[in-house]
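Chemist: model12.cif is reproduced in full below (mmCIF, C-alpha atoms and all ligand atoms).
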```cif
data_my_file
#
loop_
_atom_site.group_PDB
_atom_site.id
_atom_site.type_symbol
_atom_site.label_atom_id
_atom_site.label_comp_id
_atom_site.auth_asym_id
_atom_site.auth_seq_id
_atom_site.Cartn_x
_atom_site.Cartn_y
_atom_site.Cartn_z
ATOM 1 C CA MET A 1 9.630 3.797 11.843
ATOM 2 C CA LEU A 2 8.877 6.394 9.145
ATOM 3 C CA ALA A 3 6.670 8.227 11.617
ATOM 4 C CA ARG A 4 9.530 8.250 14.134
ATOM 5 C CA VAL A 5 11.985 9.607 11.541
ATOM 6 C CA GLY A 6 9.399 12.267 10.577
ATOM 7 C CA THR A 7 9.001 13.281 14.207
ATOM 8 C CA TRP A 8 12.762 13.462 14.550
ATOM 9 C CA ILE A 9 13.075 15.677 11.447
ATOM 10 C CA VAL A 10 10.322 18.005 12.699
ATOM 11 C CA GLY A 11 12.078 18.105 16.076
ATOM 12 C CA LEU A 12 15.385 18.954 14.422
ATOM 13 C CA GLY A 13 13.722 21.732 12.435
ATOM 14 C CA ALA A 14 12.262 23.217 15.598
ATOM 15 C CA TRP A 15 15.645 22.982 17.282
ATOM 16 C CA ALA A 16 17.286 24.781 14.347
ATOM 17 C CA MET A 17 14.629 27.472 14.543
ATOM 18 C CA VAL A 18 15.227 27.941 18.264
ATOM 19 C CA MET A 19 18.985 28.097 17.693
ATOM 20 C CA SER A 20 18.460 30.808 15.123
ATOM 21 C CA ILE A 21 17.010 33.076 17.779
ATOM 22 C CA THR A 22 19.221 32.133 20.709
ATOM 23 C CA GLY A 23 21.972 34.120 22.312
ATOM 24 C CA SER A 24 24.523 32.197 20.306
ATOM 25 C CA ALA A 25 22.938 33.547 17.144
ATOM 26 C CA GLN A 26 23.063 37.128 18.401
ATOM 27 C CA TYR A 27 26.386 36.963 20.189
ATOM 28 C CA THR A 28 29.361 34.693 19.628
ATOM 29 C CA LYS A 29 31.150 35.828 22.796
ATOM 30 C CA LYS A 30 30.700 38.168 25.760
ATOM 31 C CA THR A 31 29.960 41.330 23.868
ATOM 32 C CA ASN A 32 31.112 44.904 24.361
ATOM 33 C CA VAL A 33 28.522 47.441 23.174
ATOM 34 C CA ALA A 34 29.804 51.019 23.102
ATOM 35 C CA HIS A 35 26.963 53.090 24.542
ATOM 36 C CA ARG A 36 26.373 56.165 22.327
ATOM 37 C CA GLY A 37 29.923 55.459 21.052
ATOM 38 C CA ALA A 38 32.842 55.824 23.454
ATOM 39 C CA SER A 39 30.718 58.400 25.235
ATOM 40 C CA ALA A 40 32.875 58.713 28.367
ATOM 41 C CA TYR A 41 35.599 60.249 26.217
ATOM 42 C CA ALA A 42 33.946 61.965 23.248
ATOM 43 C CA PRO A 43 30.591 63.650 22.630
ATOM 44 C CA GLU A 44 27.867 61.002 22.406
ATOM 45 C CA HIS A 45 26.551 60.101 18.966
ATOM 46 C CA THR A 46 29.218 61.881 16.960
ATOM 47 C CA LEU A 47 31.446 60.175 14.422
ATOM 48 C CA ALA A 48 34.353 60.985 16.778
ATOM 49 C CA ALA A 49 32.712 58.915 19.532
ATOM 50 C CA TYR A 50 31.951 56.053 17.135
ATOM 51 C CA ARG A 51 35.495 56.076 15.709
ATOM 52 C CA LEU A 52 36.995 55.975 19.206
ATOM 53 C CA ALA A 53 34.706 53.099 20.219
ATOM 54 C CA ILE A 54 36.007 51.042 17.307
ATOM 55 C CA GLU A 55 39.608 51.901 18.191
ATOM 56 C CA MET A 56 38.885 50.780 21.765
ATOM 57 C CA GLY A 57 37.731 47.359 20.563
ATOM 58 C CA ALA A 58 33.948 47.615 20.833
ATOM 59 C CA ASP A 59 32.100 44.684 19.258
ATOM 60 C CA PHE A 60 29.021 46.828 18.580
ATOM 61 C CA VAL A 61 28.474 50.584 18.477
ATOM 62 C CA GLU A 62 25.105 51.850 19.697
ATOM 63 C CA GLN A 63 23.045 54.493 17.896
ATOM 64 C CA ASP A 64 19.929 56.110 19.337
ATOM 65 C CA LEU A 65 17.755 57.090 16.386
ATOM 66 C CA ALA A 66 15.527 60.103 15.805
ATOM 67 C CA VAL A 67 13.703 61.239 12.665
ATOM 68 C CA THR A 68 14.075 64.703 11.119
ATOM 69 C CA ARG A 69 11.163 66.745 9.768
ATOM 70 C CA ASP A 70 12.075 65.588 6.264
ATOM 71 C CA GLY A 71 12.112 61.929 7.272
ATOM 72 C CA VAL A 72 15.832 61.242 7.683
ATOM 73 C CA LEU A 73 17.124 58.971 10.453
ATOM 74 C CA ILE A 74 19.752 60.689 12.593
ATOM 75 C CA CYS A 75 21.770 59.570 15.611
ATOM 76 C CA LEU A 76 20.592 61.452 18.698
ATOM 77 C CA HIS A 77 19.729 60.265 22.187
ATOM 78 C CA ASP A 78 17.222 62.898 23.232
ATOM 79 C CA ALA A 79 14.051 63.618 21.288
ATOM 80 C CA SER A 80 15.143 67.252 21.369
ATOM 81 C CA LEU A 81 18.317 69.058 20.418
ATOM 82 C CA GLU A 82 19.133 71.499 23.235
ATOM 83 C CA ARG A 83 21.212 69.322 25.604
ATOM 84 C CA THR A 84 23.867 68.329 23.087
ATOM 85 C CA THR A 85 23.879 71.134 20.502
ATOM 86 C CA ASN A 86 23.789 74.928 20.166
ATOM 87 C CA VAL A 87 20.235 74.886 18.747
ATOM 88 C CA GLU A 88 19.102 77.394 21.357
ATOM 89 C CA GLN A 89 21.588 79.968 20.009
ATOM 90 C CA LEU A 90 21.026 79.257 16.304
ATOM 91 C CA PHE A 91 17.238 78.805 16.371
ATOM 92 C CA PRO A 92 15.933 80.774 19.402
ATOM 93 C CA GLY A 93 12.459 81.182 17.939
ATOM 94 C CA ARG A 94 11.890 77.517 17.197
ATOM 95 C CA VAL A 95 11.248 76.357 20.752
ATOM 96 C CA SER A 96 7.867 74.805 21.556
ATOM 97 C CA THR A 97 6.066 73.164 24.449
ATOM 98 C CA GLN A 98 6.437 69.408 24.195
ATOM 99 C CA THR A 99 5.535 66.421 26.313
ATOM 100 C CA ILE A 100 8.446 64.008 26.127
ATOM 101 C CA GLU A 101 8.407 60.767 28.098
ATOM 102 C CA GLY A 102 5.599 62.089 30.276
ATOM 103 C CA LYS A 103 7.202 65.456 31.102
ATOM 104 C CA THR A 104 5.989 68.730 29.587
ATOM 105 C CA ARG A 105 8.686 71.324 28.930
ATOM 106 C CA GLN A 106 10.108 73.795 26.417
ATOM 107 C CA ALA A 107 12.104 71.914 23.788
ATOM 108 C CA TRP A 108 13.609 72.052 20.308
ATOM 109 C CA LEU A 109 12.210 68.762 19.026
ATOM 110 C CA ALA A 110 14.466 67.115 16.416
ATOM 111 C CA ASN A 111 11.395 66.147 14.387
ATOM 112 C CA ASP A 112 10.603 69.859 13.879
ATOM 113 C CA PHE A 113 13.933 70.465 12.077
ATOM 114 C CA THR A 114 15.097 69.459 8.603
ATOM 115 C CA LEU A 115 18.340 67.596 8.126
ATOM 116 C CA ALA A 116 19.886 70.698 6.515
ATOM 117 C CA GLU A 117 19.044 72.720 9.654
ATOM 118 C CA ILE A 118 20.347 70.011 11.968
ATOM 119 C CA LYS A 119 23.603 69.847 10.030
ATOM 120 C CA THR A 120 24.306 73.492 10.931
ATOM 121 C CA LEU A 121 24.454 72.587 14.645
ATOM 122 C CA ASP A 122 27.593 72.041 16.698
ATOM 123 C CA ALA A 123 27.215 68.700 18.505
ATOM 124 C CA GLY A 124 30.669 68.654 20.094
ATOM 125 C CA SER A 125 31.320 71.843 22.080
ATOM 126 C CA TRP A 126 28.916 70.987 24.918
ATOM 127 C CA PHE A 127 31.243 68.094 25.769
ATOM 128 C CA ASP A 128 34.635 69.716 25.185
ATOM 129 C CA LYS A 129 35.818 72.664 23.113
ATOM 130 C CA LYS A 130 38.233 70.373 21.266
ATOM 131 C CA TYR A 131 35.207 68.696 19.646
ATOM 132 C CA ALA A 132 33.752 71.968 18.337
ATOM 133 C CA GLY A 133 32.181 71.481 14.928
ATOM 134 C CA GLU A 134 31.269 67.802 15.327
ATOM 135 C CA LYS A 135 27.953 67.193 13.596
ATOM 136 C CA ILE A 136 24.949 65.030 14.349
ATOM 137 C CA PRO A 137 25.451 62.078 11.991
ATOM 138 C CA THR A 138 22.750 60.520 9.879
ATOM 139 C CA PHE A 139 22.189 56.812 10.442
ATOM 140 C CA ASP A 140 23.607 56.186 6.952
ATOM 141 C CA GLU A 141 26.780 58.102 7.837
ATOM 142 C CA ALA A 142 27.143 56.071 11.042
ATOM 143 C CA ILE A 143 26.745 52.826 9.106
ATOM 144 C CA ALA A 144 29.326 53.932 6.525
ATOM 145 C CA LEU A 145 31.843 54.610 9.301
ATOM 146 C CA ILE A 146 31.217 51.470 11.356
ATOM 147 C CA ARG A 147 30.473 48.780 8.799
ATOM 148 C CA GLY A 148 33.064 46.022 8.512
ATOM 149 C CA LYS A 149 34.707 47.129 11.755
ATOM 150 C CA ALA A 150 31.957 46.443 14.335
ATOM 151 C CA GLY A 151 28.280 45.665 14.597
ATOM 152 C CA ILE A 152 25.581 48.308 14.907
ATOM 153 C CA PHE A 153 22.995 48.374 17.698
ATOM 154 C CA PRO A 154 20.391 51.037 16.827
ATOM 155 C CA GLU A 155 17.629 51.980 19.257
ATOM 156 C CA LEU A 156 14.299 53.322 18.008
ATOM 157 C CA LYS A 157 14.120 56.162 20.515
ATOM 158 C CA THR A 158 10.821 57.627 21.795
ATOM 159 C CA PRO A 159 8.695 55.782 19.188
ATOM 160 C CA GLU A 160 5.531 57.237 20.741
ATOM 161 C CA ILE A 161 6.446 60.706 19.432
ATOM 162 C CA TYR A 162 6.626 59.427 15.859
ATOM 163 C CA ALA A 163 3.496 57.302 16.173
ATOM 164 C CA GLY A 164 1.664 60.476 17.275
ATOM 165 C CA ARG A 165 2.913 62.307 14.167
ATOM 166 C CA ASN A 166 2.191 59.508 11.683
ATOM 167 C CA VAL A 167 5.880 58.889 11.050
ATOM 168 C CA GLU A 168 6.486 55.212 10.272
ATOM 169 C CA PHE A 169 9.649 54.883 12.328
ATOM 170 C CA GLU A 170 9.961 51.100 12.030
ATOM 171 C CA GLN A 171 9.555 51.254 8.241
ATOM 172 C CA LEU A 172 12.240 53.927 7.995
ATOM 173 C CA VAL A 173 14.635 51.706 9.925
ATOM 174 C CA ALA A 174 13.749 48.705 7.760
ATOM 175 C CA ALA A 175 14.375 50.758 4.610
ATOM 176 C CA ALA A 176 17.733 51.995 5.943
ATOM 177 C CA LEU A 177 18.885 48.450 6.693
ATOM 178 C CA GLU A 178 17.662 47.294 3.266
ATOM 179 C CA ARG A 179 19.391 50.139 1.423
ATOM 180 C CA ASN A 180 22.659 49.400 3.250
ATOM 181 C CA GLY A 181 22.489 45.648 2.620
ATOM 182 C CA LEU A 182 22.103 44.920 6.343
ATOM 183 C CA ARG A 183 18.591 43.507 6.528
ATOM 184 C CA GLY A 184 18.575 39.780 7.227
ATOM 185 C CA PRO A 185 20.273 37.595 9.821
ATOM 186 C CA LYS A 186 23.614 37.261 8.036
ATOM 187 C CA ALA A 187 23.368 40.040 5.458
ATOM 188 C CA ASP A 188 26.888 41.258 6.250
ATOM 189 C CA PRO A 189 28.680 38.948 8.700
ATOM 190 C CA LYS A 190 31.226 41.660 9.503
ATOM 191 C CA THR A 191 28.457 44.101 10.427
ATOM 192 C CA PRO A 192 25.890 42.323 12.588
ATOM 193 C CA VAL A 193 22.784 44.347 13.447
ATOM 194 C CA ILE A 194 20.656 44.193 16.599
ATOM 195 C CA LEU A 195 17.739 46.587 17.086
ATOM 196 C CA GLN A 196 16.463 47.785 20.459
ATOM 197 C CA THR A 197 13.454 49.669 21.725
ATOM 198 C CA PHE A 198 11.708 50.577 24.985
ATOM 199 C CA GLY A 199 8.427 50.573 23.091
ATOM 200 C CA PRO A 200 6.416 47.346 23.332
ATOM 201 C CA SER A 201 4.305 48.354 20.357
ATOM 202 C CA SER A 202 7.398 49.245 18.353
ATOM 203 C CA ALA A 203 8.845 45.791 19.147
ATOM 204 C CA ARG A 204 5.614 44.179 17.982
ATOM 205 C CA THR A 205 5.642 46.205 14.767
ATOM 206 C CA LEU A 206 9.225 45.111 14.040
ATOM 207 C CA ALA A 207 8.146 41.491 14.472
ATOM 208 C CA GLN A 208 5.078 42.020 12.255
ATOM 209 C CA ILE A 209 7.090 43.513 9.409
ATOM 210 C CA LYS A 210 9.621 40.676 9.738
ATOM 211 C CA ILE A 211 12.541 43.001 10.216
ATOM 212 C CA GLY A 212 14.960 40.091 9.825
ATOM 213 C CA VAL A 213 17.449 41.036 12.545
ATOM 214 C CA PRO A 214 17.297 40.365 16.303
ATOM 215 C CA VAL A 215 15.327 42.814 18.441
ATOM 216 C CA VAL A 216 16.053 43.554 22.101
ATOM 217 C CA LEU A 217 13.254 44.879 24.338
ATOM 218 C CA LEU A 218 14.599 47.485 26.758
ATOM 219 C CA LEU A 219 13.258 47.564 30.306
ATOM 220 C CA GLY A 220 13.335 50.494 32.701
ATOM 221 C CA ASN A 221 13.931 50.057 36.421
ATOM 222 C CA ASP A 222 10.293 50.398 37.331
ATOM 223 C CA GLU A 223 8.915 47.919 34.800
ATOM 224 C CA GLY A 224 7.405 44.575 35.838
ATOM 225 C CA PHE A 225 9.177 41.485 34.514
ATOM 226 C CA LYS A 226 9.243 39.860 37.922
ATOM 227 C CA THR A 227 8.523 36.272 36.835
ATOM 228 C CA ALA A 228 9.750 33.805 34.207
ATOM 229 C CA ALA A 229 6.304 34.041 32.597
ATOM 230 C CA ASP A 230 6.726 37.809 32.088
ATOM 231 C CA LEU A 231 9.794 37.094 29.939
ATOM 232 C CA LYS A 232 8.315 34.078 28.180
ATOM 233 C CA ALA A 233 5.396 36.179 26.957
ATOM 234 C CA TRP A 234 7.844 37.954 24.611
ATOM 235 C CA LYS A 235 9.250 34.796 23.048
ATOM 236 C CA GLY A 236 8.989 34.909 19.271
ATOM 237 C CA ILE A 237 8.468 38.689 19.331
ATOM 238 C CA VAL A 238 11.894 39.773 20.560
ATOM 239 C CA GLN A 239 15.121 37.810 20.808
ATOM 240 C CA GLY A 240 16.496 39.379 23.970
ATOM 241 C CA PHE A 241 16.092 41.883 26.785
ATOM 242 C CA GLY A 242 18.010 45.025 27.661
ATOM 243 C CA PRO A 243 17.215 45.604 31.328
ATOM 244 C CA ALA A 244 18.402 48.463 33.505
ATOM 245 C CA LYS A 245 21.325 46.812 35.285
ATOM 246 C CA ASN A 246 19.670 46.945 38.722
ATOM 247 C CA ILE A 247 16.953 44.593 37.497
ATOM 248 C CA VAL A 248 19.576 41.872 37.016
ATOM 249 C CA PHE A 249 21.500 42.803 40.159
ATOM 250 C CA ARG A 250 18.391 42.513 42.312
ATOM 251 C CA ASN A 251 17.158 39.391 40.562
ATOM 252 C CA PRO A 252 19.916 37.171 39.094
ATOM 253 C CA ASP A 253 17.208 34.685 38.054
ATOM 254 C CA PHE A 254 16.319 37.128 35.281
ATOM 255 C CA VAL A 255 19.313 35.824 33.269
ATOM 256 C CA LYS A 256 18.353 32.179 33.860
ATOM 257 C CA TRP A 257 14.769 32.839 32.825
ATOM 258 C CA ALA A 258 15.825 34.570 29.614
ATOM 259 C CA HIS A 259 18.378 31.905 28.701
ATOM 260 C CA ALA A 260 15.856 29.139 29.366
ATOM 261 C CA GLU A 261 13.757 30.684 26.585
ATOM 262 C CA GLY A 262 16.747 31.141 24.249
ATOM 263 C CA MET A 263 16.770 34.896 24.770
ATOM 264 C CA THR A 264 19.757 37.117 25.523
ATOM 265 C CA VAL A 265 20.372 39.667 28.300
ATOM 266 C CA THR A 266 22.179 42.961 27.582
ATOM 267 C CA PRO A 267 21.948 45.293 30.597
ATOM 268 C CA TYR A 268 22.679 49.041 30.581
ATOM 269 C CA THR A 269 24.587 51.262 31.429
ATOM 270 C CA PHE A 270 28.113 50.717 32.781
ATOM 271 C CA ARG A 271 30.064 53.937 33.204
ATOM 272 C CA SER A 272 33.184 55.041 35.041
ATOM 273 C CA SER A 273 31.312 58.136 36.192
ATOM 274 C CA ASP A 274 29.063 55.888 38.345
ATOM 275 C CA VAL A 275 31.956 54.824 40.573
ATOM 276 C CA GLY A 276 31.044 55.712 44.119
ATOM 277 C CA LYS A 277 27.385 54.986 43.359
ATOM 278 C CA THR A 278 28.049 51.238 43.086
ATOM 279 C CA ASN A 279 29.661 48.686 45.413
ATOM 280 C CA PHE A 280 32.410 47.991 42.891
ATOM 281 C CA ARG A 281 35.980 49.289 42.896
ATOM 282 C CA ASP A 282 35.783 50.405 39.283
ATOM 283 C CA VAL A 283 33.724 49.993 36.141
ATOM 284 C CA SER A 284 35.772 46.990 34.924
ATOM 285 C CA GLU A 285 35.077 45.130 38.155
ATOM 286 C CA GLU A 286 31.388 45.976 37.880
ATOM 287 C CA MET A 287 31.200 44.740 34.275
ATOM 288 C CA SER A 288 33.110 41.587 35.233
ATOM 289 C CA HIS A 289 30.549 40.798 37.938
ATOM 290 C CA TYR A 290 27.666 41.050 35.490
ATOM 291 C CA LEU A 291 29.382 39.155 32.676
ATOM 292 C CA TYR A 292 31.059 36.322 34.561
ATOM 293 C CA ARG A 293 29.073 36.021 37.822
ATOM 294 C CA LEU A 294 25.562 36.941 36.761
ATOM 295 C CA GLY A 295 26.051 35.528 33.253
ATOM 296 C CA VAL A 296 24.768 38.337 31.039
ATOM 297 C CA ASP A 297 25.632 37.980 27.354
ATOM 298 C CA ALA A 298 26.633 41.546 26.575
ATOM 299 C CA LEU A 299 26.381 45.010 28.068
ATOM 300 C CA PHE A 300 26.203 48.680 27.157
ATOM 301 C CA THR A 301 29.126 50.739 28.414
ATOM 302 C CA ASP A 302 30.344 54.331 28.033
ATOM 303 C CA ASN A 303 33.853 52.888 28.593
ATOM 304 C CA PRO A 304 34.431 50.238 25.916
ATOM 305 C CA ASP A 305 38.164 50.345 26.694
ATOM 306 C CA ARG A 306 37.451 49.011 30.204
ATOM 307 C CA PHE A 307 35.462 45.966 29.047
ATOM 308 C CA PRO A 308 36.956 42.906 30.802
ATOM 309 C CA ARG A 309 37.835 40.130 28.350
ATOM 310 C CA LYS A 310 38.417 37.033 30.437
HETATM 311 O O1 LIG B 401 19.711 51.416 24.907
HETATM 312 C C1 LIG B 401 20.313 50.979 26.075
HETATM 313 C C2 LIG B 401 20.450 52.187 26.890
HETATM 314 O O2 LIG B 401 21.095 53.083 26.054
HETATM 315 C C3 LIG B 401 19.141 52.716 27.313
HETATM 316 O O3 LIG B 401 19.269 53.932 27.896
HETATM 317 O O4 LIG B 401 18.658 56.265 27.791
HETATM 318 O O5 LIG B 401 20.958 55.585 27.258
HETATM 319 O O6 LIG B 401 19.147 55.097 25.669
HETATM 320 P P1 LIG B 401 19.525 55.273 27.107
HETATM 321 CA CA CA B 402 20.016 53.738 23.960
#
```
Rewrite the structure from the file as structure tokens, please.
Modeler:
Amino acid sequence: MLARVGTWIVGLGAWAMVMSITGSAQYTKKTNVAHRGASAYAPEHTLAAYRLAIEMGADFVEQDLAVTRDGVLICLHDASLERTTNVEQLFPGRVSTQTIEGKTRQAWLANDFTLAEIKTLDAGSWFDKKYAGEKIPTFDEAIALIRGKAGIFPELKTPEIYAGRNVEFEQLVAAALERNGLRGPKADPKTPVILQTFGPSSARTLAQIKIGVPVVLLLGNDEGFKTAADLKAWKGIVQGFGPAKNIVFRNPDFVKWAHAEGMTVTPYTFRSSDVGKTNFRDVSEEMSHYLYRLGVDALFTDNPDRFPRK
């Protein structure tokens, strides 16, 4: 009898452990993640875009993270500064030849600039003159704005660049969460944190250092993950997947496979500007299909105001 009770207790413990990494632990409802802030309406990764996302009811606000030359985490999608700032005008001589995500080109790499230099840049005018003077926020500034109002969903962007420069990206993120009282599964219940990365080795490092918050592995369109076993191999390392939306559209079993392993599915990216490229009438209808037909747990959208709550 004692042996049976012992087995039952061990079983219960395992069940509790599984529950702690399931979708229900990461998400309490179908979840609206504002992609780069409310980036359909305001310049991506500015405080204006984050503020608007919160006003529009986003559950989480996404940050893509980069590291400055002096080791500060900033919110920036690209590894380089020229698409979304006036760096080319302010620092014409600082361009260099870089290989970024397999492509070699002339670029103003964020990691070659100090935070003080980056703070001189205009990160709003490229989008609309009315946002002239918006700055690239630090991760700490983003947290200060968002905390208590929504969750944060930072991505460790282009980790291979930092690995090649001996920058300990994962440790910087861990330290930022620690310093802001956000490291740990329920550190601040009003500000849940989920990390994401396209980098398998970055995901493994986050698991090794026991980051203490869920990690989502992002998958590009051309990546494998064609069988249940491909997903299962990541169990215990990451707590969910962030596939390009076509992966789920083409293979609805992807969601079943992930859920069977207690892992979540958060596809990207749903945007009103894609209408005409999809078979859906509008972005709300598209999101509705993924959430309520295909069963994904959450999704990244440039249009958090169009997220369909059932
Ligand atoms: O992180 C989810 C999605 O944002 C991935 O695409 O290029 O917008 O970071 P990207
Ligand atoms: Ca991202």
Chemist: Using only C-alpha atoms and all ligand atoms, what are the residues with an atom within 9 Å of ligand CA 402 (chain B), set out as a list in words?
Modeler: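 Those within range of ligand CA 402 (chain B) are His35, Arg36, Glu62, Gln63, Asp64, Leu65, His77, Phe153, Pro154, Glu155, Leu156, Lys157, Gln196, Thr197, Phe198, Leu218, Tyr268 and Phe300 of chain A.
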Chemist: Next, dump the selected residues to file, keeping only C-alpha atoms, as a compact mmCIF listing (two decimals), in the frame of the given file.
Modeler:
```txt
# COMPACT_ATOMS: atom_id res chain seq x y z
CA HIS A 35 26.96 53.09 24.54
CA ARG A 36 26.37 56.16 22.33
CA GLU A 62 25.10 51.85 19.70
CA GLN A 63 23.04 54.49 17.90
CA ASP A 64 19.93 56.11 19.34
CA LEU A 65 17.76 57.09 16.39
CA HIS A 77 19.73 60.26 22.19
CA PHE A 153 23.00 48.37 17.70
CA PRO A 154 20.39 51.04 16.83
CA GLU A 155 17.63 51.98 19.26
CA LEU A 156 14.30 53.32 18.01
CA LYS A 157 14.12 56.16 20.52
CA GLN A 196 16.46 47.78 20.46
CA THR A 197 13.45 49.67 21.72
CA PHE A 198 11.71 50.58 24.98
CA LEU A 218 14.60 47.48 26.76
CA TYR A 268 22.68 49.04 30.58
CA PHE A 300 26.20 48.68 27.16
```
Chemist: Record the distance separating atom CA of Glu55 of chain A and atom CA of Tyr41 of chain A, expressed in Å with one decimal.
Modeler: 12.3 Å
Chemist: Give me the result of the PyMOL selection byres (((chain A and resi 175) around 12) and not hetatm) on this file, residue by residue, as a VMD selection string.
Modeler: chain A and resid 71 to 73 139 to 140 168 to 174 176 to 183 209 211 to 212
Chemist: Please produce a file of the residues just selected, as a CSV table (one decimal), in the frame of the given file, where the atoms kept are C-alpha atoms.
Modeler:
```
chain,number,residue,atom,x,y,z
A,71,GLY,CA,12.1,61.9,7.3
A,72,VAL,CA,15.8,61.2,7.7
A,73,LEU,CA,17.1,59.0,10.5
A,139,PHE,CA,22.2,56.8,10.4
A,140,ASP,CA,23.6,56.2,7.0
A,168,GLU,CA,6.5,55.2,10.3
A,169,PHE,CA,9.6,54.9,12.3
A,170,GLU,CA,10.0,51.1,12.0
A,171,GLN,CA,9.6,51.3,8.2
A,172,LEU,CA,12.2,53.9,8.0
A,173,VAL,CA,14.6,51.7,9.9
A,174,ALA,CA,13.7,48.7,7.8
A,176,ALA,CA,17.7,52.0,5.9
A,177,LEU,CA,18.9,48.4,6.7
A,178,GLU,CA,17.7,47.3,3.3
A,179,ARG,CA,19.4,50.1,1.4
A,180,ASN,CA,22.7,49.4,3.2
A,181,GLY,CA,22.5,45.6,2.6
A,182,LEU,CA,22.1,44.9,6.3
A,183,ARG,CA,18.6,43.5,6.5
A,209,ILE,CA,7.1,43.5,9.4
A,211,ILE,CA,12.5,43.0,10.2
A,212,GLY,CA,15.0,40.1,9.8
```
Chemist: So, counting all atoms listed in the file, which residue among A:Arg271, A:Arg293, A:Arg250, A:Arg94 is closest to ligand LIG 401 (chain B)?
Modeler: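 Between A:Arg271, A:Arg293, A:Arg250, A:Arg94, the residue approaching ligand LIG 401 (chain B) most closely is A:Arg271.
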Chemist: Mind telling me what the PyMOL selection byres (((chain A and resi 243-247) around 8) and not hetatm) catches here, as a list of chain:residue names?
Modeler: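 That selection, the PyMOL selection byres (((chain A and resi 243-247) around 8) and not hetatm), comes back as A:Leu218, A:Leu219, A:Gly220, A:Asn221, A:Phe241, A:Gly242, A:Val248, A:Phe249, A:Arg250, A:Asn251, A:Phe254, A:Val265, A:Thr266, A:Pro267, A:Tyr268, A:Thr269.
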Chemist: Please report, as JSON, the centre and edge lengths in Å to one decimal of an axis-aligned box covering all listed atoms of ligand LIG 401 (chain B) with 8 Å per side.
Modeler:
```
{"center_x": 19.9, "center_y": 53.6, "center_z": 26.4, "size_x": 18.4, "size_y": 21.3, "size_z": 19.0}
```
Chemist: Figure out the distance between atom CA of Leu115 of chain A and atom CA of Ile74 of chain A, please, to one decimal in Å.
Modeler: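 About the pair atom CA of Ile74 of chain A and atom CA of Leu115 of chain A: they are 8.3 Å apart.
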Chemist: Choose the residue, out of A:Ala49, A:Val275, A:Leu121, A:Val255, that has the smallest atom-to-atom separation from Leu145 of chain A; count only C-alpha atoms.
Modeler: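 The shortest atom-to-atom distance to Leu145 of chain A comes from A:Ala49.
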Chemist: When the PyMOL selection byres (((chain A and resi 259) around 10) and not hetatm) is applied to the file above, which residues end up in the set, as a PyMOL selection string?
Modeler: chain A and resi 22-23+240+253-258+260-265+295-297
Chemist: Could you tell me which of A:Ser272, A:Thr28, A:Thr85, A:Thr158 comes closest to ligand LIG 401 (chain B) if we count all atoms listed in the file?
Modeler: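 Closest to ligand LIG 401 (chain B) of all the choices is A:Thr158.
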Chemist: Rounded to one decimal, what separation in Å do you get between atom CA of Pro189 of chain A and atom CA of Ala150 of chain A?
Modeler: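 It comes out at 9.9 Å.
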Chemist: From the list A:Ser80, A:Gln98, A:Asn86, A:Asn32, which residue is nearest Ile152 of chain A when using only C-alpha atoms?
Modeler: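 Checking each of A:Ser80, A:Gln98, A:Asn86, A:Asn32 against Ile152 of chain A, counting only C-alpha atoms, the winner is A:Asn32.
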Chemist: Which neighbours of Lys119 of chain A fall inside 8 Å, counting all atoms listed in the file, when residues of the same chain fewer than 3 positions from it are skipped, and could you give them as a list of chain:residue names?
Modeler: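 Once the adjacent positions are removed, what remains is A:Leu115, A:Ala116, A:Lys135, A:Ile136.
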Chemist: Using only C-alpha atoms, which protein or nucleic acid residues come within 10 Å of Trp108 of chain A? Drop anything in the same chain fewer than 6 positions from it, and give the result as a list in words.
Modeler: Ala79, Ser80, Leu81, Glu82, Arg83, Val87, Glu88, Phe91, Pro92, Gly93, Arg94, Val95, Ser96, Thr97 and Gln98 of chain A
Chemist: Let me make sure I understand: among A:Leu291, A:Ile54, A:Leu195, A:Leu206, which one has the smallest atom-to-atom distance to ligand LIG 401 (chain B) if we use all atoms listed in the file?
Modeler: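 Closest candidate: A:Leu195.
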Chemist: At a cut-off of 12 Å, using all atoms listed in the file, what residues contact Lys129 of chain A? Leave out same-chain residues fewer than 6 positions from it and give the result as a ChimeraX atom specification.
Modeler: /A:42-43,122-123
Chemist: Between A:Leu47, A:Met287, A:Ala187, A:Leu90, which residue has the minimum interatomic distance to Gly124 of chain A, considering all atoms listed in the file?
Modeler: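 So, comparing all the options, the nearest one is A:Leu47.
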Chemist: Show me, as an NGL selection string, the residues that have an atom within 12 Å of segment 306-308 of chain A when counting all atoms listed in the file, minus same-chain residues fewer than 2 positions from it.
Modeler: :A and (30-35 or 38 or 40 or 53 or 56-59 or 270-272 or 282-292 or 298-304 or 310)
